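Engineer: One structure coming up, written as structure tokens, with questions to follow.
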Amino acid sequence: MGEDGKKTRDGFAHGGVYEDGAYKTQIVRLAAQQQQQQISSNSPPKPLLIAVPKAEGKYPVVQFHHGFTLQNNFYSQLIAHLASHGFIVVAPQMYTISGSDTTREIEDAAAILNWMPTGLESALLSDFPNTKPDFSKVALVGHSRGGKVVFGLGLGVRKSVLQYSAIVALDPVDGTAKERQTQPPILQFSQHSLDLGGVPTLIVGSGLGSKKSYFFPPCAPDGVSHREFFFDSSAPAFHFVAKEYGHMDFLDDDCKGPQGKLSYCVCKNGPSRTPMRRFAGGILAAFLQAALLNNTTSFDAALAHPELAPVLLELPESYGKLPQNLNWQFPFSRMNEENQNQLVKSAHQD
């Protein structure tokens, strides 16, 4: 796209990060390792969908977690959008069927992080010999229950050898009500109680997630969703809410199979998924450019000019600001010892 393409990608005058970026991308699948294989195998602990920039270079790595009972391939368009802005996006399929307890899911998420330093580059070598993951710049992203999973990783419920530098939760959910959190409970319902040790956090919410759809209960109930996650987050933390869109509007336009069909009716949805997905992909790219690459241009513009987004937004909220010259990496939270011990204890309960 040349210099004009770079201008469009980095700025907002012509759509910026809300449009596809400068990099052509490809999505590849990696099958999970067999039970007898070791963690050092090129095969990952879970099946992976990976969106890769095709141009030669070294790129930050994003681990992206799907929502409850959803498929990783339902996010193909979203992760391709993010990859087009210069990120390698790794989306595991965590399970086919699962109960409400996320303990095992957090354990598996840590296992994938532990596999990546040796496994990811080797697995990509044959198809992308000149595309390298930069493990000094890693972000954790999750939608719905996946948002709870990445907070669980960040708060040290399960630790990993691979460090992270940013956390993003897309319409995160921690149970069905304040008194009915799922295990292990993440929300503390106390302002700034989720201390991630200064790691930048982005919370993206849906205005319709708390609304019922037909006879189904809300997919992102009031009291345990994005507003509470932001309230509990510590600085620097940022909160964007798309007023007229729903919990499943982050997904692809065409989701196949029974689970895909259900995604259109179990949650209150907006008029179309495309604007919400473009917004989510764009704000993800802008935030991660700022948090991982010290390029705050697009994210500063998103905060200052929410009217430029492809969806109607509430006024963005923030705790603190992104420091300049970000160079930290944290393997786990420095939240207060009492709360961390409670989380770890909950994770071990049957």
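Each chain of the structure tokens is named A, B, ... in the order shown, its residues numbered from 1; ligands are numbered from 1 in display order.
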If we count only C-alpha atoms and set the cut-off at 7 Å, which residues sit around Gly146 in chain A, ignoring sequence neighbours fewer than 4 positions away in its own chain? Please answer as a count of residues only.
Structural biologist: 5
Engineer: So that each row is one residue of range 95-201 of chain A with an atom at most 12 Å from range 305-318 of chain A, can you give its shortest atom pair and the distance in Å to one decimal, using only C-alpha atoms, rows by chain and rising number, as a Markdown table?
Structural biologist:
```
| residue | atom | partner | partner_atom | distance |
| --- | --- | --- | --- | --- |
| A:His192 | CA | A:Ser318 | CA | 11.9 |
| A:Pro200 | CA | A:Ser318 | CA | 10.7 |
| A:Thr201 | CA | A:Ser318 | CA | 9.7 |
```
Engineer: Can you spit out the residues from that selection as a PDB file, in the first residue's frame, using all heavy atoms?
Structural biologist:
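See part16.pdb below for the written result:
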```pdb
ATOM      1  N   HIS A 192     -10.461  -1.034  41.646  1.00  0.00           N
ATOM      2  CA  HIS A 192      -9.030  -1.231  41.447  1.00  0.00           C
ATOM      3  C   HIS A 192      -8.482  -2.479  42.150  1.00  0.00           C
ATOM      4  O   HIS A 192      -7.281  -2.581  42.382  1.00  0.00           O
ATOM      5  CB  HIS A 192      -8.235  -0.006  41.892  1.00  0.00           C
ATOM      6  CG  HIS A 192      -8.695   1.278  41.291  1.00  0.00           C
ATOM      7  ND1 HIS A 192      -9.077   1.400  39.963  1.00  0.00           N
ATOM      8  CD2 HIS A 192      -8.858   2.510  41.845  1.00  0.00           C
ATOM      9  CE1 HIS A 192      -9.438   2.650  39.727  1.00  0.00           C
ATOM     10  NE2 HIS A 192      -9.332   3.343  40.841  1.00  0.00           N
ATOM     11  N   PRO A 200      -1.181  -2.570  31.020  1.00  0.00           N
ATOM     12  CA  PRO A 200      -2.338  -1.891  30.417  1.00  0.00           C
ATOM     13  C   PRO A 200      -3.483  -2.856  30.143  1.00  0.00           C
ATOM     14  O   PRO A 200      -3.274  -3.978  29.670  1.00  0.00           O
ATOM     15  CB  PRO A 200      -1.770  -1.321  29.112  1.00  0.00           C
ATOM     16  CG  PRO A 200      -0.297  -1.255  29.321  1.00  0.00           C
ATOM     17  CD  PRO A 200       0.044  -2.392  30.224  1.00  0.00           C
ATOM     18  N   THR A 201      -4.700  -2.396  30.413  1.00  0.00           N
ATOM     19  CA  THR A 201      -5.899  -3.213  30.262  1.00  0.00           C
ATOM     20  C   THR A 201      -6.935  -2.458  29.443  1.00  0.00           C
ATOM     21  O   THR A 201      -7.163  -1.277  29.667  1.00  0.00           O
ATOM     22  CB  THR A 201      -6.497  -3.542  31.647  1.00  0.00           C
ATOM     23  OG1 THR A 201      -5.509  -4.176  32.462  1.00  0.00           O
ATOM     24  CG2 THR A 201      -7.695  -4.469  31.512  1.00  0.00           C
TER      25      THR A 201
END
```
Engineer: Quick one: residues within 12 Å of Gly257 in chain A, only C-alpha atoms, excluding same-chain residues fewer than 6 positions away - as a short mmCIF file (atom, residue, chain, number, x, y, z; two decimals) with N, CA, C and O atoms, in the first residue's frame?
Structural biologist:
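Written output follows (around27.cif):
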```cif
data_model
loop_
_atom_site.label_atom_id
_atom_site.label_comp_id
_atom_site.auth_asym_id
_atom_site.auth_seq_id
_atom_site.Cartn_x
_atom_site.Cartn_y
_atom_site.Cartn_z
N LEU A 70 -18.24 -21.47 22.12
CA LEU A 70 -18.06 -21.00 20.75
C LEU A 70 -16.83 -21.65 20.11
O LEU A 70 -16.00 -22.26 20.79
N GLN A 71 -16.73 -21.50 18.80
CA GLN A 71 -15.61 -22.05 18.04
C GLN A 71 -14.60 -20.94 17.73
O GLN A 71 -14.99 -19.79 17.45
N ASN A 73 -13.00 -20.61 15.06
CA ASN A 73 -13.14 -20.12 13.68
C ASN A 73 -14.28 -19.13 13.51
O ASN A 73 -14.42 -18.52 12.44
N PHE A 74 -15.10 -18.92 14.54
CA PHE A 74 -16.12 -17.87 14.49
C PHE A 74 -15.50 -16.47 14.55
O PHE A 74 -16.20 -15.48 14.31
N SER A 263 -25.73 -18.58 17.79
CA SER A 263 -25.13 -17.27 18.07
C SER A 263 -25.99 -16.12 17.55
O SER A 263 -25.82 -14.98 17.99
N TYR A 264 -26.90 -16.41 16.64
CA TYR A 264 -27.75 -15.36 16.09
C TYR A 264 -29.01 -15.12 16.92
O TYR A 264 -29.70 -14.13 16.71
#
```
Engineer: For range 163-173 of chain A, please output as a list of chain:residue names all residues within 6 Å (counting only C-alpha atoms; exclusion window: fewer than 4 positions along the same chain).
Structural biologist: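 What passes the distance filter is A:Val138, A:Ala139, A:Leu140, A:Val141, A:Gly142, A:His143, A:Ser144, A:Arg145, A:Gly147, A:Lys148, A:Val199, A:Pro200, A:Thr201, A:Leu202, A:Ile203, A:Val204, A:Gly205, A:Ala220, A:Val224, A:Ser225, A:His226, A:Gln329, A:Phe330, A:Pro331.
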Engineer: Return as a PDB file with all heavy atoms, in the first residue's frame the full set of residues in range 51-108 of chain A whose backbone-based DSSP assignment is strand (DSSP E or B).
Structural biologist:
```pdb
ATOM      1  N   ALA A  51      -3.680 -16.397  12.699  1.00  0.00           N
ATOM      2  CA  ALA A  51      -3.679 -15.380  11.654  1.00  0.00           C
ATOM      3  C   ALA A  51      -2.283 -14.764  11.595  1.00  0.00           C
ATOM      4  O   ALA A  51      -1.774 -14.264  12.607  1.00  0.00           O
ATOM      5  CB  ALA A  51      -4.727 -14.313  11.933  1.00  0.00           C
ATOM      6  N   VAL A  52      -1.666 -14.824  10.413  1.00  0.00           N
ATOM      7  CA  VAL A  52      -0.254 -14.479  10.269  1.00  0.00           C
ATOM      8  C   VAL A  52      -0.068 -13.420   9.184  1.00  0.00           C
ATOM      9  O   VAL A  52      -0.561 -13.594   8.060  1.00  0.00           O
ATOM     10  CB  VAL A  52       0.562 -15.729   9.885  1.00  0.00           C
ATOM     11  CG1 VAL A  52       2.061 -15.418   9.892  1.00  0.00           C
ATOM     12  CG2 VAL A  52       0.265 -16.891  10.821  1.00  0.00           C
ATOM     13  N   PRO A  53       0.660 -12.330   9.468  1.00  0.00           N
ATOM     14  CA  PRO A  53       1.054 -11.420   8.389  1.00  0.00           C
ATOM     15  C   PRO A  53       2.023 -12.141   7.447  1.00  0.00           C
ATOM     16  O   PRO A  53       2.951 -12.815   7.908  1.00  0.00           O
ATOM     17  CB  PRO A  53       1.748 -10.268   9.117  1.00  0.00           C
ATOM     18  CG  PRO A  53       1.334 -10.394  10.556  1.00  0.00           C
ATOM     19  CD  PRO A  53       1.110 -11.849  10.783  1.00  0.00           C
ATOM     20  N   GLY A  57       9.129 -10.273   8.590  1.00  0.00           N
ATOM     21  CA  GLY A  57       9.238  -9.397   9.741  1.00  0.00           C
ATOM     22  C   GLY A  57       9.072 -10.135  11.042  1.00  0.00           C
ATOM     23  O   GLY A  57       8.804 -11.347  11.074  1.00  0.00           O
ATOM     24  N   LYS A  58       9.237  -9.404  12.137  1.00  0.00           N
ATOM     25  CA  LYS A  58       9.065  -9.924  13.488  1.00  0.00           C
ATOM     26  C   LYS A  58       7.870  -9.202  14.093  1.00  0.00           C
ATOM     27  O   LYS A  58       7.842  -7.962  14.136  1.00  0.00           O
ATOM     28  CB  LYS A  58      10.327  -9.683  14.310  1.00  0.00           C
ATOM     29  CG  LYS A  58      10.403 -10.481  15.602  1.00  0.00           C
ATOM     30  CD  LYS A  58      11.782 -10.346  16.237  1.00  0.00           C
ATOM     31  CE  LYS A  58      11.901 -11.248  17.459  1.00  0.00           C
ATOM     32  NZ  LYS A  58      13.253 -11.167  18.071  1.00  0.00           N
ATOM     33  N   TYR A  59       6.884  -9.973  14.578  1.00  0.00           N
ATOM     34  CA  TYR A  59       5.603  -9.395  14.965  1.00  0.00           C
ATOM     35  C   TYR A  59       5.225  -9.749  16.406  1.00  0.00           C
ATOM     36  O   TYR A  59       5.489 -10.867  16.861  1.00  0.00           O
ATOM     37  CB  TYR A  59       4.499  -9.906  14.033  1.00  0.00           C
ATOM     38  CG  TYR A  59       4.719  -9.584  12.581  1.00  0.00           C
ATOM     39  CD1 TYR A  59       5.302 -10.520  11.736  1.00  0.00           C
ATOM     40  CD2 TYR A  59       4.348  -8.348  12.057  1.00  0.00           C
ATOM     41  CE1 TYR A  59       5.504 -10.230  10.395  1.00  0.00           C
ATOM     42  CE2 TYR A  59       4.549  -8.051  10.714  1.00  0.00           C
ATOM     43  CZ  TYR A  59       5.131  -9.002   9.881  1.00  0.00           C
ATOM     44  OH  TYR A  59       5.332  -8.720   8.557  1.00  0.00           O
ATOM     45  N   PRO A  60       4.572  -8.812  17.111  1.00  0.00           N
ATOM     46  CA  PRO A  60       4.023  -9.141  18.437  1.00  0.00           C
ATOM     47  C   PRO A  60       3.023 -10.294  18.340  1.00  0.00           C
ATOM     48  O   PRO A  60       2.415 -10.524  17.287  1.00  0.00           O
ATOM     49  CB  PRO A  60       3.326  -7.845  18.863  1.00  0.00           C
ATOM     50  CG  PRO A  60       3.951  -6.775  18.042  1.00  0.00           C
ATOM     51  CD  PRO A  60       4.306  -7.406  16.738  1.00  0.00           C
ATOM     52  N   VAL A  61       2.855 -10.984  19.460  1.00  0.00           N
ATOM     53  CA  VAL A  61       2.001 -12.176  19.503  1.00  0.00           C
ATOM     54  C   VAL A  61       0.790 -11.905  20.384  1.00  0.00           C
ATOM     55  O   VAL A  61       0.915 -11.379  21.496  1.00  0.00           O
ATOM     56  CB  VAL A  61       2.775 -13.393  20.042  1.00  0.00           C
ATOM     57  CG1 VAL A  61       1.863 -14.614  20.142  1.00  0.00           C
ATOM     58  CG2 VAL A  61       3.968 -13.700  19.141  1.00  0.00           C
ATOM     59  N   VAL A  62      -0.387 -12.278  19.888  1.00  0.00           N
ATOM     60  CA  VAL A  62      -1.637 -12.120  20.626  1.00  0.00           C
ATOM     61  C   VAL A  62      -2.262 -13.501  20.804  1.00  0.00           C
ATOM     62  O   VAL A  62      -2.479 -14.215  19.831  1.00  0.00           O
ATOM     63  CB  VAL A  62      -2.621 -11.200  19.873  1.00  0.00           C
ATOM     64  CG1 VAL A  62      -3.938 -11.088  20.645  1.00  0.00           C
ATOM     65  CG2 VAL A  62      -2.004  -9.829  19.635  1.00  0.00           C
ATOM     66  N   GLN A  63      -2.523 -13.892  22.052  1.00  0.00           N
ATOM     67  CA  GLN A  63      -3.266 -15.127  22.312  1.00  0.00           C
ATOM     68  C   GLN A  63      -4.730 -14.760  22.539  1.00  0.00           C
ATOM     69  O   GLN A  63      -5.055 -14.027  23.472  1.00  0.00           O
ATOM     70  CB  GLN A  63      -2.711 -15.874  23.524  1.00  0.00           C
ATOM     71  CG  GLN A  63      -3.416 -17.203  23.783  1.00  0.00           C
ATOM     72  CD  GLN A  63      -2.615 -18.135  24.681  1.00  0.00           C
ATOM     73  OE1 GLN A  63      -1.440 -18.392  24.435  1.00  0.00           O
ATOM     74  NE2 GLN A  63      -3.241 -18.639  25.729  1.00  0.00           N
ATOM     75  N   PHE A  64      -5.614 -15.282  21.676  1.00  0.00           N
ATOM     76  CA  PHE A  64      -7.013 -14.875  21.641  1.00  0.00           C
ATOM     77  C   PHE A  64      -7.905 -16.037  22.061  1.00  0.00           C
ATOM     78  O   PHE A  64      -7.891 -17.100  21.427  1.00  0.00           O
ATOM     79  CB  PHE A  64      -7.382 -14.422  20.223  1.00  0.00           C
ATOM     80  CG  PHE A  64      -8.766 -13.853  20.102  1.00  0.00           C
ATOM     81  CD1 PHE A  64      -8.960 -12.483  20.020  1.00  0.00           C
ATOM     82  CD2 PHE A  64      -9.882 -14.671  20.085  1.00  0.00           C
ATOM     83  CE1 PHE A  64     -10.239 -11.948  19.914  1.00  0.00           C
ATOM     84  CE2 PHE A  64     -11.165 -14.153  19.977  1.00  0.00           C
ATOM     85  CZ  PHE A  64     -11.342 -12.779  19.901  1.00  0.00           C
ATOM     86  N   HIS A  65      -8.737 -15.815  23.111  1.00  0.00           N
ATOM     87  CA  HIS A  65      -9.588 -16.876  23.661  1.00  0.00           C
ATOM     88  C   HIS A  65     -11.061 -16.642  23.319  1.00  0.00           C
ATOM     89  O   HIS A  65     -11.600 -15.565  23.538  1.00  0.00           O
ATOM     90  CB  HIS A  65      -9.405 -16.968  25.179  1.00  0.00           C
ATOM     91  CG  HIS A  65      -8.118 -17.602  25.541  1.00  0.00           C
ATOM     92  ND1 HIS A  65      -7.995 -18.955  25.743  1.00  0.00           N
ATOM     93  CD2 HIS A  65      -6.879 -17.079  25.710  1.00  0.00           C
ATOM     94  CE1 HIS A  65      -6.736 -19.245  26.026  1.00  0.00           C
ATOM     95  NE2 HIS A  65      -6.034 -18.120  26.003  1.00  0.00           N
ATOM     96  N   ILE A  88       0.752 -11.372  15.052  1.00  0.00           N
ATOM     97  CA  ILE A  88       0.468 -12.799  14.903  1.00  0.00           C
ATOM     98  C   ILE A  88      -0.575 -13.141  15.963  1.00  0.00           C
ATOM     99  O   ILE A  88      -0.335 -12.961  17.164  1.00  0.00           O
ATOM    100  CB  ILE A  88       1.726 -13.655  15.101  1.00  0.00           C
ATOM    101  CG1 ILE A  88       2.749 -13.361  13.995  1.00  0.00           C
ATOM    102  CG2 ILE A  88       1.378 -15.146  15.103  1.00  0.00           C
ATOM    103  CD1 ILE A  88       4.092 -14.044  14.205  1.00  0.00           C
ATOM    104  N   VAL A  89      -1.729 -13.629  15.527  1.00  0.00           N
ATOM    105  CA  VAL A  89      -2.838 -13.888  16.443  1.00  0.00           C
ATOM    106  C   VAL A  89      -3.070 -15.393  16.541  1.00  0.00           C
ATOM    107  O   VAL A  89      -3.346 -16.059  15.532  1.00  0.00           O
ATOM    108  CB  VAL A  89      -4.132 -13.194  15.988  1.00  0.00           C
ATOM    109  CG1 VAL A  89      -5.206 -13.325  17.064  1.00  0.00           C
ATOM    110  CG2 VAL A  89      -3.870 -11.715  15.675  1.00  0.00           C
ATOM    111  N   VAL A  90      -2.949 -15.910  17.756  1.00  0.00           N
ATOM    112  CA  VAL A  90      -3.072 -17.341  18.031  1.00  0.00           C
ATOM    113  C   VAL A  90      -4.379 -17.570  18.779  1.00  0.00           C
ATOM    114  O   VAL A  90      -4.550 -17.105  19.908  1.00  0.00           O
ATOM    115  CB  VAL A  90      -1.876 -17.840  18.873  1.00  0.00           C
ATOM    116  CG1 VAL A  90      -2.022 -19.323  19.189  1.00  0.00           C
ATOM    117  CG2 VAL A  90      -0.565 -17.563  18.154  1.00  0.00           C
ATOM    118  N   ALA A  91      -5.314 -18.280  18.133  1.00  0.00           N
ATOM    119  CA  ALA A  91      -6.645 -18.499  18.713  1.00  0.00           C
ATOM    120  C   ALA A  91      -6.855 -19.992  18.973  1.00  0.00           C
ATOM    121  O   ALA A  91      -7.157 -20.747  18.039  1.00  0.00           O
ATOM    122  CB  ALA A  91      -7.719 -17.958  17.779  1.00  0.00           C
ATOM    123  N   PRO A  92      -6.717 -20.443  20.213  1.00  0.00           N
ATOM    124  CA  PRO A  92      -6.912 -21.864  20.508  1.00  0.00           C
ATOM    125  C   PRO A  92      -8.390 -22.243  20.565  1.00  0.00           C
ATOM    126  O   PRO A  92      -9.250 -21.404  20.868  1.00  0.00           O
ATOM    127  CB  PRO A  92      -6.264 -22.027  21.882  1.00  0.00           C
ATOM    128  CG  PRO A  92      -6.344 -20.669  22.504  1.00  0.00           C
ATOM    129  CD  PRO A  92      -6.270 -19.675  21.379  1.00  0.00           C
TER     130      PRO A  92
END
```
Engineer: Quick one: residues within 10 Å of Asp222 in chain A, only C-alpha atoms counted, chain neighbours fewer than 6 positions away excluded, as a ChimeraX atom specification?
Structural biologist: /A:173,176-178,209-211,228
Engineer: Could you find all residues in range 89-270 of chain A that DSSP calls helix (DSSP H, G or I) from the backbone, and write them as a CSV table (one decimal) with N, CA and C atoms, in the first residue's frame?
Structural biologist:
```csv
chain,number,residue,atom,x,y,z
A,103,THR,N,-11.5,-23.3,35.6
A,103,THR,CA,-10.2,-23.6,36.1
A,103,THR,C,-9.4,-24.3,35.1
A,104,ARG,N,-9.9,-25.4,34.5
A,104,ARG,CA,-9.2,-26.1,33.5
A,104,ARG,C,-8.8,-25.3,32.3
A,105,GLU,N,-9.7,-24.4,31.9
A,105,GLU,CA,-9.5,-23.6,30.8
A,105,GLU,C,-8.3,-22.6,31.0
A,106,ILE,N,-8.2,-22.1,32.2
A,106,ILE,CA,-7.1,-21.2,32.6
A,106,ILE,C,-5.8,-22.0,32.6
A,107,GLU,N,-5.9,-23.3,33.1
A,107,GLU,CA,-4.7,-24.1,33.1
A,107,GLU,C,-4.2,-24.4,31.6
A,108,ASP,N,-5.2,-24.7,30.7
A,108,ASP,CA,-4.9,-25.0,29.3
A,108,ASP,C,-4.3,-23.7,28.7
A,109,ALA,N,-4.9,-22.6,29.0
A,109,ALA,CA,-4.4,-21.3,28.4
A,109,ALA,C,-2.9,-21.1,28.8
A,110,ALA,N,-2.5,-21.4,30.0
A,110,ALA,CA,-1.1,-21.3,30.5
A,110,ALA,C,-0.3,-22.3,29.7
A,111,ALA,N,-0.8,-23.5,29.5
A,111,ALA,CA,0.0,-24.5,28.8
A,111,ALA,C,0.3,-24.1,27.3
A,112,ILE,N,-0.6,-23.4,26.7
A,112,ILE,CA,-0.4,-22.9,25.4
A,112,ILE,C,0.7,-21.8,25.4
A,113,LEU,N,0.6,-20.9,26.4
A,113,LEU,CA,1.7,-19.9,26.5
A,113,LEU,C,3.0,-20.5,26.7
A,114,ASN,N,3.0,-21.6,27.5
A,114,ASN,CA,4.3,-22.3,27.8
A,114,ASN,C,4.8,-23.0,26.5
A,115,TRP,N,4.0,-23.4,25.6
A,115,TRP,CA,4.4,-24.1,24.4
A,115,TRP,C,4.9,-23.1,23.4
A,116,MET,N,4.4,-21.9,23.4
A,116,MET,CA,4.7,-21.0,22.2
A,116,MET,C,6.2,-20.6,22.0
A,117,PRO,N,7.0,-20.4,23.1
A,117,PRO,CA,8.4,-20.0,22.8
A,117,PRO,C,9.2,-21.0,22.0
A,118,THR,N,8.9,-22.2,22.1
A,118,THR,CA,9.6,-23.2,21.3
A,118,THR,C,8.8,-23.8,20.2
A,119,GLY,N,7.4,-23.8,20.3
A,119,GLY,CA,6.6,-24.5,19.4
A,119,GLY,C,6.1,-23.6,18.2
A,120,LEU,N,5.8,-22.3,18.5
A,120,LEU,CA,5.1,-21.5,17.5
A,120,LEU,C,6.0,-21.2,16.3
A,121,GLU,N,7.2,-20.7,16.5
A,121,GLU,CA,8.0,-20.4,15.4
A,121,GLU,C,8.3,-21.7,14.6
A,122,SER,N,8.6,-22.8,15.2
A,122,SER,CA,8.9,-24.0,14.5
A,122,SER,C,7.7,-24.5,13.7
A,123,ALA,N,6.5,-24.3,14.3
A,123,ALA,CA,5.3,-24.7,13.6
A,123,ALA,C,5.0,-23.9,12.3
A,124,LEU,N,5.4,-22.6,12.4
A,124,LEU,CA,5.2,-21.7,11.3
A,124,LEU,C,6.3,-21.7,10.2
A,145,ARG,N,-16.5,-15.5,28.2
A,145,ARG,CA,-15.8,-16.2,29.2
A,145,ARG,C,-14.3,-16.2,29.0
A,146,GLY,N,-13.9,-16.1,27.7
A,146,GLY,CA,-12.5,-15.9,27.4
A,146,GLY,C,-11.9,-14.7,28.0
A,147,GLY,N,-12.7,-13.6,28.2
A,147,GLY,CA,-12.2,-12.5,28.9
A,147,GLY,C,-11.9,-12.8,30.4
A,148,LYS,N,-12.7,-13.6,31.0
A,148,LYS,CA,-12.4,-14.0,32.3
A,148,LYS,C,-11.2,-14.9,32.4
A,149,VAL,N,-11.0,-15.7,31.4
A,149,VAL,CA,-9.8,-16.6,31.3
A,149,VAL,C,-8.5,-15.8,31.3
A,150,VAL,N,-8.5,-14.7,30.4
A,150,VAL,CA,-7.2,-14.0,30.3
A,150,VAL,C,-7.0,-13.2,31.6
A,151,PHE,N,-8.0,-12.7,32.3
A,151,PHE,CA,-7.8,-12.1,33.6
A,151,PHE,C,-7.3,-13.1,34.6
A,152,GLY,N,-7.8,-14.3,34.5
A,152,GLY,CA,-7.3,-15.4,35.4
A,152,GLY,C,-5.8,-15.6,35.2
A,153,LEU,N,-5.4,-15.6,34.0
A,153,LEU,CA,-4.0,-15.8,33.7
A,153,LEU,C,-3.2,-14.6,34.3
A,154,GLY,N,-3.7,-13.4,34.0
A,154,GLY,CA,-3.1,-12.2,34.4
A,154,GLY,C,-3.0,-12.0,35.9
A,226,HIS,N,-18.8,-6.2,31.6
A,226,HIS,CA,-17.7,-5.3,31.3
A,226,HIS,C,-17.6,-4.1,32.3
A,227,ARG,N,-18.7,-3.6,32.8
A,227,ARG,CA,-18.7,-2.4,33.7
A,227,ARG,C,-18.0,-2.8,35.0
A,228,GLU,N,-18.3,-4.0,35.5
A,228,GLU,CA,-17.6,-4.5,36.7
A,228,GLU,C,-16.2,-4.8,36.5
A,229,PHE,N,-15.8,-5.4,35.4
A,229,PHE,CA,-14.4,-5.6,35.1
A,229,PHE,C,-13.6,-4.3,35.0
A,230,PHE,N,-14.2,-3.3,34.4
A,230,PHE,CA,-13.5,-2.0,34.4
A,230,PHE,C,-13.4,-1.4,35.8
A,231,PHE,N,-14.5,-1.4,36.5
A,231,PHE,CA,-14.5,-0.9,37.9
A,231,PHE,C,-13.4,-1.5,38.7
A,232,ASP,N,-13.3,-2.8,38.6
A,232,ASP,CA,-12.3,-3.5,39.4
A,232,ASP,C,-10.8,-3.4,38.9
A,257,GLY,N,-22.8,-24.4,11.6
A,257,GLY,CA,-23.1,-25.4,12.6
A,257,GLY,C,-24.1,-25.0,13.6
A,258,PRO,N,-24.5,-25.9,14.5
A,258,PRO,CA,-25.5,-25.6,15.5
A,258,PRO,C,-25.1,-24.4,16.4
A,259,GLN,N,-23.8,-24.4,16.8
A,259,GLN,CA,-23.4,-23.3,17.7
A,259,GLN,C,-23.4,-22.0,16.9
A,260,GLY,N,-23.0,-22.0,15.7
A,260,GLY,CA,-23.1,-20.8,14.9
A,260,GLY,C,-24.5,-20.3,14.7
A,261,LYS,N,-25.4,-21.2,14.5
A,261,LYS,CA,-26.8,-20.8,14.3
A,261,LYS,C,-27.4,-20.2,15.6
A,262,LEU,N,-27.0,-20.8,16.7
A,262,LEU,CA,-27.5,-20.3,18.0
A,262,LEU,C,-26.9,-18.9,18.3
```
Engineer: Give me, as an MDAnalysis selection string, all polymer residues having an atom no more than 8 Å from Gly198 in chain A, counting only C-alpha atoms and skipping those fewer than 4 positions away in the same chain.
Structural biologist: chainID A and resid 234:236
Engineer: Using only C-alpha atoms, which residue out of A:Gln183, A:Gln77, A:Gln26, A:Ser298 lies closest to Thr274 in chain A?
Structural biologist: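 Distance minimum relative to Thr274 in chain A lands on A:Gln77.
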Engineer: Rank nothing, just name the residue among A:Arg273, A:Gly281, A:Leu162, A:Thr182 nearest to Gly99 in chain A, using only C-alpha atoms.
Structural biologist: A:Thr182
Engineer: Identify, on the basis of only C-alpha atoms, every residue whose closest approach to Thr25 in chain A does not exceed 12 Å; exclude the query and any residue fewer than 4 positions from it along the same chain; express the result as JSON, numbers by chain.
Structural biologist: {"A": [20, 21, 50, 51, 52, 53, 54, 55, 56, 76, 77, 79, 80, 81, 82, 83, 84, 85, 86, 87, 88, 89, 128, 131]}
Engineer: Using only C-alpha atoms, pick whichever of A:Lys24, A:Ser190, A:Ser233, A:Asn130 has the shortest atom-to-atom distance to Gly320 in chain A.
Structural biologist: A:Ser233
Engineer: In terms of the shortest atom-to-atom distance over only C-alpha atoms, which of A:Lys321, A:Lys46, A:Lys132, A:Lys159 is closest to Ala290 in chain A?
Structural biologist: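 Among A:Lys321, A:Lys46, A:Lys132, A:Lys159, it is A:Lys321 that comes nearest to Ala290 in chain A.
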